[in-house]
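K.L.:
Sharing input39.txt, compact mmCIF, C-alpha atoms:
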# COMPACT_ATOMS: atom_id res chain seq x y z
CA MET X 8 19.94 17.51 -12.03
CA ALA X 9 22.71 17.56 -14.63
CA ASP X 10 22.00 18.30 -18.28
CA ASN X 11 22.87 14.71 -19.13
CA ILE X 12 21.19 11.93 -17.20
CA ARG X 13 23.88 9.41 -16.29
CA TRP X 14 22.69 5.83 -16.71
CA GLY X 15 23.94 2.60 -15.25
CA ILE X 16 22.73 -0.80 -16.47
CA LEU X 17 22.51 -3.76 -14.10
CA GLY X 18 22.79 -6.94 -16.17
CA THR X 19 24.32 -7.60 -19.57
CA GLY X 20 21.80 -9.85 -21.36
CA ALA X 21 19.74 -9.27 -24.49
CA ILE X 22 17.31 -6.78 -22.93
CA ALA X 23 20.22 -4.80 -21.44
CA GLN X 24 21.74 -4.53 -24.92
CA GLN X 25 18.43 -3.30 -26.36
CA PHE X 26 18.14 -0.64 -23.67
CA ALA X 27 21.73 0.46 -24.19
CA ARG X 28 21.05 0.97 -27.90
CA GLY X 29 17.95 2.96 -27.02
CA VAL X 30 19.77 5.30 -24.65
CA GLN X 31 22.51 5.94 -27.20
CA VAL X 32 20.11 7.83 -29.51
CA LEU X 33 19.24 10.36 -26.79
CA SER X 34 21.13 13.64 -26.83
CA ASP X 35 20.68 14.29 -23.11
CA ALA X 36 21.61 10.89 -21.68
CA ARG X 37 24.88 9.02 -21.21
CA LEU X 38 25.68 5.41 -20.42
CA VAL X 39 28.38 5.72 -17.78
CA ALA X 40 28.36 2.38 -15.94
CA VAL X 41 27.45 -1.29 -16.21
CA GLY X 42 27.32 -3.95 -13.53
CA SER X 43 27.61 -7.69 -14.07
CA ARG X 44 28.31 -10.78 -11.99
CA THR X 45 31.66 -11.22 -13.72
CA ALA X 46 34.43 -8.86 -14.78
CA GLU X 47 34.56 -10.49 -18.23
CA SER X 48 30.90 -9.80 -18.96
CA ALA X 49 31.11 -6.22 -17.68
CA GLU X 50 34.21 -5.56 -19.81
CA ARG X 51 32.64 -7.05 -22.92
CA PHE X 52 29.43 -5.03 -22.50
CA GLY X 53 31.37 -1.87 -21.66
CA ARG X 54 33.50 -2.14 -24.77
CA ALA X 55 30.48 -2.80 -26.99
CA PHE X 56 28.69 0.35 -25.81
CA ASP X 57 31.64 2.56 -24.89
CA ILE X 58 30.76 2.59 -21.18
CA PRO X 59 33.62 3.85 -18.99
CA HIS X 60 32.76 2.28 -15.60
CA ARG X 61 32.62 -1.53 -15.73
CA HIS X 62 31.80 -3.18 -12.43
CA ALA X 63 32.27 -6.87 -11.68
CA ASP X 64 29.47 -6.91 -9.11
CA TYR X 65 26.10 -5.23 -8.70
CA ARG X 66 26.88 -3.50 -5.42
CA ALA X 67 29.74 -1.53 -6.95
CA LEU X 68 27.34 -0.26 -9.61
CA ALA X 69 24.73 0.67 -6.98
CA GLU X 70 27.36 2.69 -5.09
CA ASP X 71 28.97 4.35 -8.14
CA PRO X 72 28.79 8.14 -7.49
CA GLU X 73 28.86 8.87 -11.23
CA VAL X 74 25.44 7.23 -11.77
CA ASP X 75 22.05 8.99 -11.49
CA VAL X 76 19.69 6.16 -12.40
CA ILE X 77 20.01 2.40 -12.94
CA TYR X 78 18.11 0.19 -15.35
CA ILE X 79 17.45 -3.31 -13.94
CA ALA X 80 17.83 -5.87 -16.74
CA THR X 81 18.04 -9.15 -14.86
CA PRO X 82 15.52 -12.07 -14.95
CA HIS X 83 12.17 -11.68 -13.15
CA PRO X 84 13.06 -13.34 -9.80
CA PHE X 85 15.93 -10.91 -9.21
CA HIS X 86 14.10 -7.64 -9.89
CA ALA X 87 13.18 -6.99 -6.27
CA GLU X 88 16.61 -7.82 -4.85
CA ASN X 89 18.44 -5.78 -7.48
CA THR X 90 16.07 -2.80 -7.23
CA LEU X 91 16.37 -2.67 -3.45
CA LEU X 92 20.17 -2.82 -3.72
CA CYS X 93 20.19 0.19 -6.06
CA LEU X 94 17.66 2.19 -4.06
CA ARG X 95 19.70 1.61 -0.91
CA GLY X 96 22.71 2.87 -2.84
CA GLY X 97 20.83 6.13 -3.39
CA LYS X 98 20.00 5.55 -7.05
CA ALA X 99 16.81 6.12 -8.99
CA VAL X 100 15.62 2.93 -10.70
CA LEU X 101 13.90 1.89 -13.92
CA CYS X 102 13.00 -1.79 -13.40
CA GLU X 103 12.28 -4.05 -16.35
CA LYS X 104 8.82 -5.56 -16.55
CA PRO X 105 7.37 -7.51 -14.90
CA PHE X 106 8.17 -5.23 -12.00
CA ALA X 107 8.60 -8.15 -9.59
CA LEU X 108 7.75 -11.82 -9.17
CA ASN X 109 4.65 -11.00 -7.14
CA ALA X 110 2.80 -8.16 -5.45
CA ALA X 111 4.47 -8.72 -2.07
CA GLU X 112 7.87 -7.99 -3.62
CA ALA X 113 6.49 -5.01 -5.53
CA GLN X 114 5.07 -3.53 -2.35
CA VAL X 115 8.47 -3.67 -0.62
CA MET X 116 10.19 -2.06 -3.62
CA ILE X 117 7.68 0.78 -3.78
CA ALA X 118 7.80 1.38 -0.04
CA GLU X 119 11.61 1.58 -0.14
CA ALA X 120 11.60 4.10 -2.98
CA ARG X 121 9.00 6.27 -1.27
CA ALA X 122 10.79 6.15 2.08
CA ARG X 123 14.03 7.26 0.43
CA ARG X 124 12.27 9.73 -1.90
CA LEU X 125 13.87 8.19 -4.98
CA PHE X 126 12.39 7.82 -8.44
CA LEU X 127 11.14 4.34 -9.35
CA MET X 128 9.28 3.15 -12.45
CA GLU X 129 8.30 -0.09 -14.14
CA ALA X 130 9.85 -0.29 -17.61
CA MET X 131 6.61 -0.78 -19.55
CA TRP X 132 8.17 0.73 -22.67
CA MET X 133 5.01 0.19 -24.75
CA ARG X 134 3.19 3.02 -22.97
CA TYR X 135 5.64 5.68 -24.12
CA LEU X 136 5.72 4.87 -27.84
CA PRO X 137 4.24 7.50 -30.20
CA ALA X 138 1.34 5.25 -31.24
CA MET X 139 0.32 4.75 -27.61
CA VAL X 140 0.59 8.46 -26.89
CA GLN X 141 -1.85 9.06 -29.76
CA LEU X 142 -4.11 6.25 -28.53
CA ARG X 143 -4.43 7.90 -25.11
CA ARG X 144 -5.12 11.23 -26.80
CA TRP X 145 -7.95 9.75 -28.87
CA LEU X 146 -9.47 8.08 -25.82
CA ALA X 147 -9.27 11.29 -23.79
CA GLU X 148 -11.01 13.15 -26.63
CA GLY X 149 -13.76 10.53 -26.82
CA VAL X 150 -13.08 9.86 -30.50
CA ILE X 151 -14.60 6.35 -30.31
CA GLY X 152 -17.17 7.18 -27.64
CA ASP X 153 -17.31 5.12 -24.47
CA VAL X 154 -14.93 2.18 -24.51
CA ARG X 155 -16.83 -1.09 -24.09
CA MET X 156 -14.22 -3.75 -24.81
CA VAL X 157 -10.49 -4.31 -25.09
CA MET X 158 -9.19 -7.33 -26.99
CA ALA X 159 -5.45 -8.08 -26.99
CA ASP X 160 -3.06 -11.01 -27.33
CA PHE X 161 0.67 -11.67 -27.35
CA GLY X 162 1.85 -15.15 -28.25
CA PHE X 163 4.67 -16.97 -30.00
CA ARG X 164 6.10 -20.48 -30.08
CA VAL X 165 9.62 -21.15 -28.83
CA PRO X 166 11.55 -24.41 -29.16
CA PHE X 167 10.92 -26.52 -26.11
CA ASP X 168 13.79 -26.25 -23.63
CA PRO X 169 12.90 -26.87 -19.99
CA HIS X 170 15.94 -24.87 -18.87
CA SER X 171 15.16 -21.78 -20.94
CA ARG X 172 14.13 -18.58 -19.20
CA LEU X 173 10.66 -18.78 -20.75
CA LEU X 174 9.87 -22.28 -19.48
CA ASP X 175 11.83 -22.57 -16.23
CA PRO X 176 9.63 -21.94 -13.16
CA ALA X 177 12.70 -21.03 -11.11
CA LEU X 178 13.15 -18.03 -13.42
CA GLY X 179 9.49 -16.98 -13.32
CA GLY X 180 8.91 -18.64 -16.69
CA GLY X 181 5.64 -18.89 -18.56
CA ALA X 182 3.60 -16.58 -20.71
CA LEU X 183 1.90 -14.50 -18.03
CA LEU X 184 4.85 -12.60 -16.58
CA ASP X 185 6.95 -12.43 -19.72
CA VAL X 186 4.45 -11.39 -22.42
CA GLY X 187 1.04 -11.43 -20.74
CA ILE X 188 2.06 -8.30 -18.90
CA TYR X 189 1.59 -6.34 -22.16
CA PRO X 190 -2.14 -7.10 -22.75
CA VAL X 191 -2.75 -6.69 -19.01
CA SER X 192 -1.01 -3.30 -18.93
CA LEU X 193 -2.92 -2.17 -22.04
CA ALA X 194 -6.25 -3.10 -20.44
CA PHE X 195 -5.33 -1.20 -17.27
CA MET X 196 -4.23 1.82 -19.30
CA VAL X 197 -7.55 1.92 -21.17
CA LEU X 198 -10.12 0.68 -18.63
CA GLY X 199 -8.46 0.86 -15.22
CA THR X 200 -8.76 -1.73 -12.47
CA PRO X 201 -11.22 -4.59 -13.10
CA ARG X 202 -13.76 -5.64 -10.49
CA ARG X 203 -13.52 -9.33 -11.37
CA ILE X 204 -10.82 -11.45 -13.01
CA THR X 205 -11.28 -14.88 -14.54
CA GLY X 206 -8.58 -16.89 -16.29
CA ALA X 207 -7.70 -20.33 -17.60
CA ALA X 208 -4.25 -21.69 -18.39
CA HIS X 209 -2.49 -24.73 -19.75
CA LEU X 210 0.41 -25.61 -17.45
CA GLY X 211 3.01 -27.53 -19.42
CA ILE X 212 5.58 -30.18 -18.49
CA THR X 213 7.73 -27.71 -16.55
CA GLY X 214 4.74 -26.44 -14.59
CA VAL X 215 4.52 -22.94 -16.08
CA ASP X 216 1.67 -21.44 -18.10
CA GLU X 217 2.44 -22.19 -21.74
CA GLN X 218 -0.74 -20.40 -22.78
CA SER X 219 -3.56 -18.68 -20.98
CA ALA X 220 -6.61 -16.51 -21.54
CA TRP X 221 -8.34 -14.09 -19.18
CA ILE X 222 -11.45 -11.95 -18.96
CA PHE X 223 -11.50 -8.76 -16.92
CA GLU X 224 -14.90 -7.38 -15.93
CA TYR X 225 -15.45 -3.71 -15.06
CA PRO X 226 -18.07 -1.84 -13.01
CA GLN X 227 -19.90 -0.38 -16.04
CA GLY X 228 -20.03 -3.69 -17.90
CA GLN X 229 -16.88 -3.21 -19.96
CA LEU X 230 -14.78 -6.28 -20.72
CA ALA X 231 -11.16 -6.99 -21.53
CA VAL X 232 -10.56 -10.27 -23.38
CA LEU X 233 -6.86 -11.08 -23.25
CA SER X 234 -4.43 -13.94 -23.90
CA ALA X 235 -0.74 -14.82 -23.93
CA ALA X 236 1.38 -17.78 -24.98
CA VAL X 237 4.95 -18.99 -25.35
CA GLN X 238 4.09 -22.24 -27.15
CA THR X 239 1.40 -20.88 -29.50
CA THR X 240 1.74 -18.16 -32.13
CA THR X 241 -1.04 -15.56 -32.04
CA PRO X 242 -1.73 -12.39 -34.09
CA THR X 243 -0.26 -10.17 -31.34
CA GLU X 244 -2.71 -7.37 -32.03
CA ALA X 245 -5.20 -5.35 -30.02
CA ARG X 246 -8.54 -3.66 -30.56
CA ILE X 247 -10.25 -0.99 -28.51
CA LEU X 248 -14.00 -1.08 -29.18
CA GLY X 249 -16.21 1.88 -28.33
CA THR X 250 -19.79 3.04 -28.76
CA GLU X 251 -18.79 5.35 -31.65
CA GLY X 252 -15.96 3.46 -33.27
CA ALA X 253 -12.88 1.30 -32.78
CA ILE X 254 -9.09 1.49 -32.75
CA HIS X 255 -6.98 -1.34 -34.13
CA ILE X 256 -3.45 -1.60 -32.77
CA HIS X 257 -1.56 -3.49 -35.45
CA ALA X 258 1.06 -6.14 -34.76
CA PRO X 259 3.19 -6.16 -32.83
CA MET X 260 0.85 -4.65 -30.24
CA TYR X 261 3.71 -4.19 -27.77
CA ARG X 262 5.69 -2.12 -30.31
CA PRO X 263 3.10 -0.67 -32.69
CA GLU X 264 3.84 1.74 -35.50
CA ARG X 265 0.37 1.67 -37.07
CA LEU X 266 -3.12 2.37 -35.76
CA THR X 267 -6.39 2.10 -37.67
CA LEU X 268 -9.20 4.35 -36.47
CA LYS X 269 -12.75 3.50 -37.50
CA ARG X 270 -15.50 5.89 -36.47
CA LYS X 271 -19.22 5.35 -36.67
CA GLY X 272 -20.66 6.82 -39.86
CA LEU X 273 -17.23 7.32 -41.41
CA VAL X 274 -16.74 5.90 -44.89
CA GLU X 275 -13.78 3.54 -44.97
CA PHE X 276 -11.66 3.10 -48.08
CA PRO X 277 -9.43 0.04 -48.67
CA SER X 278 -5.72 0.64 -49.11
CA ARG X 279 -5.91 -0.27 -52.82
CA LEU X 280 -8.43 0.03 -55.61
CA PRO X 281 -10.64 -3.08 -55.80
CA ALA X 282 -9.26 -5.64 -58.24
CA GLY X 283 -12.31 -5.43 -60.51
CA ILE X 284 -11.79 -1.75 -61.30
CA LYS X 285 -8.03 -1.54 -60.89
CA SER X 286 -7.06 -1.31 -64.59
CA PHE X 287 -10.10 0.83 -65.42
CA GLY X 288 -9.40 3.11 -62.50
CA ARG X 289 -5.74 3.46 -63.49
CA ALA X 290 -6.78 4.52 -67.00
CA LEU X 291 -9.01 7.24 -65.57
CA GLY X 292 -6.41 8.37 -63.06
CA LEU X 293 -8.53 7.30 -60.08
CA GLY X 294 -5.57 6.07 -58.06
CA ARG X 295 -4.66 9.50 -56.73
CA LEU X 296 -8.30 10.34 -55.99
CA TRP X 297 -8.71 7.04 -54.16
CA ARG X 298 -5.68 7.75 -52.00
CA ARG X 299 -7.00 11.23 -51.20
CA LEU X 300 -10.41 9.85 -50.22
CA ARG X 301 -8.79 7.18 -48.11
CA SER X 302 -6.62 9.78 -46.41
CA ALA X 303 -9.66 11.95 -45.75
CA SER X 304 -11.42 9.01 -44.10
CA GLY X 305 -8.74 9.16 -41.40
CA SER X 306 -8.48 5.37 -41.14
CA ASP X 307 -4.75 4.56 -41.07
CA TYR X 308 -2.14 6.39 -39.01
CA HIS X 309 1.57 5.59 -38.96
CA PHE X 310 3.96 6.32 -36.10
CA PRO X 311 7.53 5.40 -37.11
CA LEU X 312 9.88 4.99 -34.19
CA HIS X 313 12.97 7.06 -33.58
CA GLY X 314 15.54 4.57 -32.31
CA ASN X 315 14.54 1.07 -31.22
CA GLY X 316 11.75 2.21 -28.91
CA TYR X 317 13.51 1.82 -25.57
CA ASN X 318 14.64 5.43 -25.80
CA TYR X 319 11.08 6.66 -25.11
CA GLU X 320 10.89 5.17 -21.62
CA ALA X 321 14.41 6.42 -20.86
CA ASP X 322 13.31 9.88 -21.99
CA GLU X 323 10.29 9.71 -19.65
CA VAL X 324 12.57 8.85 -16.73
CA ALA X 325 14.78 11.83 -17.52
CA ARG X 326 11.78 14.16 -17.81
CA CYS X 327 10.40 13.06 -14.46
CA MET X 328 13.76 13.33 -12.69
CA ARG X 329 14.40 16.82 -14.04
CA GLU X 330 10.97 17.89 -12.81
CA GLY X 331 11.66 16.43 -9.38
CA ARG X 332 8.99 13.73 -9.73
CA LEU X 333 9.33 10.43 -7.89
CA GLU X 334 7.19 8.44 -10.34
CA SER X 335 5.64 8.71 -13.78
CA ALA X 336 1.97 9.63 -14.22
CA ILE X 337 1.92 7.39 -17.30
CA MET X 338 3.03 4.30 -15.33
CA PRO X 339 2.30 5.18 -11.68
CA LEU X 340 3.55 2.91 -8.92
CA ASP X 341 0.10 2.28 -7.44
CA GLU X 342 -1.02 0.95 -10.83
CA THR X 343 2.08 -1.22 -11.12
CA LEU X 344 1.20 -2.72 -7.74
CA VAL X 345 -2.42 -3.44 -8.70
CA ILE X 346 -1.23 -5.05 -11.93
CA MET X 347 1.06 -7.34 -9.92
CA GLU X 348 -1.88 -8.19 -7.64
CA THR X 349 -3.89 -9.07 -10.75
CA LEU X 350 -1.17 -11.42 -11.99
CA ASP X 351 -1.08 -13.00 -8.53
CA GLN X 352 -4.84 -13.58 -8.66
CA LEU X 353 -4.59 -15.29 -12.02
CA ARG X 354 -1.78 -17.56 -10.84
CA ALA X 355 -3.76 -18.43 -7.73
CA GLN X 356 -6.64 -19.60 -9.93
CA TRP X 357 -4.23 -21.88 -11.80
CA GLY X 358 -2.30 -23.09 -8.76
CA LEU X 359 0.94 -21.69 -10.16
CA VAL X 360 3.55 -20.78 -7.53
CA TYR X 361 7.17 -20.08 -8.43
CA PRO X 362 9.93 -21.82 -6.44
CA GLY X 363 11.45 -19.61 -3.80
CA GLU X 364 8.64 -17.05 -3.65
CA ALA X 365 8.84 -15.28 -0.31
CA THR X 366 5.07 -14.94 -0.44
CA GLY X 367 2.76 -17.16 -2.46
CA GLY X 368 1.33 -15.59 -5.61
Render the structure in this file as structure tokens.
P.N.:
Amino acid sequence: MADNIRWGILGTGAIAQQFARGVQVLSDARLVAVGSRTAESAERFGRAFDIPHRHADYRALAEDPEVDVIYIATPHPFHAENTLLCLRGGKAVLCEKPFALNAAEAQVMIAEARARRLFLMEAMWMRYLPAMVQLRRWLAEGVIGDVRMVMADFGFRVPFDPHSRLLDPALGGGALLDVGIYPVSLAFMVLGTPRRITGAAHLGITGVDEQSAWIFEYPQGQLAVLSAAVQTTTPTEARILGTEGAIHIHAPMYRPERLTLKRKGLVEFPSRLPAGIKSFGRALGLGRLWRRLRSASGSDYHFPLHGNGYNYEADEVARCMREGRLESAIMPLDETLVIMETLDQLRAQWGLVYPGEATGG
């Protein structure tokens, strides 16, 4: 493997632009190619990010010998088709979440990568951010005891447009696949695979889930209480509740830079002196003491991002490829598949099937 990982990007939309900006902050990665459905779009994207190879079709990108790995940045229904094209062109693939439209597609993608011994990973960028790395470390160390509950939401309200990507069933629209994947992935990361899944959804005028809520039940009685929406604004936070404490993942939970750790028996100090003693405390110089006590309580932790956050998943891909790995232990393919099966189960409960699905969800 070369010192610099050579990236291609398939697609030129908003998420492709975000990923390109992320890769540009890495010292050991280069954007060398982009593929679009039109020459104009490929040229425009290539000029914006100084990408030398600009392909007017996806197949030319998949067959470009200068490319090591391709990031799939197209809408949900095209992830499987585009990933398979790149794998068959001999390229490693980082596929944007959700990995596929359903588990049947995901299974084919994974089987192809394994048969060809090529790296493949779902682009769940949240898992690689510094705050999430620390979260996993705390959980592994048992800092909050045994985890009993995960609570997480991701919701916002968009202007109603039946042809928009978020509300068009032909594009895999709705909250579940687009933003619900984040709370689901967090619950899997913390608690693993649930034994029972229950969900309820409001299907709007276009037939997609405008908002939904789900409960995951686990063998030892743990629960995950999750929700997502594209027509309702929610706090977009998460909490991990354990027998000896709790961890608060502050908004936005999919891109957190702040965690609050509360441990049983630990004295918590507010971020500011209480209003009633503020002026008195200032006169006595208590502000500095208060900040020291609050720091000692270990409640708030900040994890500023380097770059826009997409660089962390790109860095994980590079690490795995240099080590000769075919998948990431942080987002393994078997877990990606089970997550897709979980989304299928929820949609089946709601009677939500996307047009053109090769296999019903």
K.L.:
Write out as a PyMOL selection string which residues come within 10 Å of X:Glu217 when counting all atoms listed in the file, dropping same-chain ones fewer than 2 positions away.
P.N.:
chain X and resi 162+164+173-174+180-183+208-215+219+235-239
K.L.:
Could you list, with a cut-off of 12 Å and counting all atoms listed in the file, the residues of stretch 100-145 of chain X near stretch 52-75 of chain X, each shown with its nearest atom pair and the distance in Å rounded to one decimal, rows sorted by chain and ascending number, as a tab-separated table?
P.N.:
residue	atom	partner	partner_atom	distance
X:Val100	CA	X:Asp75	CA	8.9
X:Leu101	CA	X:Asp75	CA	11.1
X:Leu125	CA	X:Asp75	CA	10.5
X:Phe126	CA	X:Asp75	CA	10.2
K.L.:
Calculated over only C-alpha atoms, which of the candidates X:Arg124, X:Arg134, X:Arg155, X:Arg51 has the smallest distance to X:Ala321?
P.N.:
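Smallest distance to X:Ala321 is found for X:Arg134.
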K.L.:
Skipping near chain neighbours, those fewer than 4 positions away, what residues fall within 10 Å of X:Ala177 using only C-alpha atoms, listed as JSON, numbers by chain?
P.N.:
{"X": [83, 84, 170, 172, 213, 215, 360, 361, 362, 363, 364]}
K.L.:
In terms of the shortest atom-to-atom distance over all atoms listed in the file, which of X:Ala36, X:Ala122, X:Gly179, X:Asp153 is closest to X:Asn109?
P.N.:
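Nearest to X:Asn109: X:Gly179.
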K.L.:
Suppose you want the space between atom CA of X:Ile12 and atom CA of X:Val32; what is it in Å?
P.N.:
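Taking atom CA of X:Ile12 and atom CA of X:Val32, their separation equals 13.0 Å.
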K.L.:
Residues near X:Gln141, anyone? I mean within 12 Å using all atoms listed in the file, not counting same-chain ones fewer than 4 positions away, as JSON, numbers by chain.
P.N.:
{"X": [134, 135, 136, 137, 145, 146, 147, 148, 150, 254, 256, 263, 264, 265, 266, 267, 268, 308, 309, 310]}
K.L.:
Return the single residue from X:Ile151, X:Ala110, X:Ala194, X:Leu184 that is closest to X:Lys271, with distances computed using only C-alpha atoms.
P.N.:
X:Ile151
K.L.:
Report as CSV: every residue of stretch 146-206 of chain X with an atom at most 9 Å from stretch 127-132 of chain X, its closest pair of atoms, and their distance in Å to one decimal, counting only C-alpha atoms, with rows sorted by chain and ascending residue number.
P.N.:
residue,atom,partner,partner_atom,distance
X:Ile188,CA,X:Met131,CA,8.8
X:Tyr189,CA,X:Met131,CA,7.9
X:Ser192,CA,X:Met131,CA,8.0
K.L.:
When distances are computed from all atoms listed in the file, which of X:Ala325, X:Gly152, X:Asp351, X:Leu344 shows the smallest separation from X:Ser34?
P.N.:
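Of all the options, X:Ala325 lies closest to X:Ser34.
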K.L.:
Quick one: of X:Arg123, X:Arg143, X:Arg203, X:Arg37, who's nearest to X:Gln352, counting only C-alpha atoms?
P.N.:
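So, comparing all the options, the nearest one is X:Arg203.
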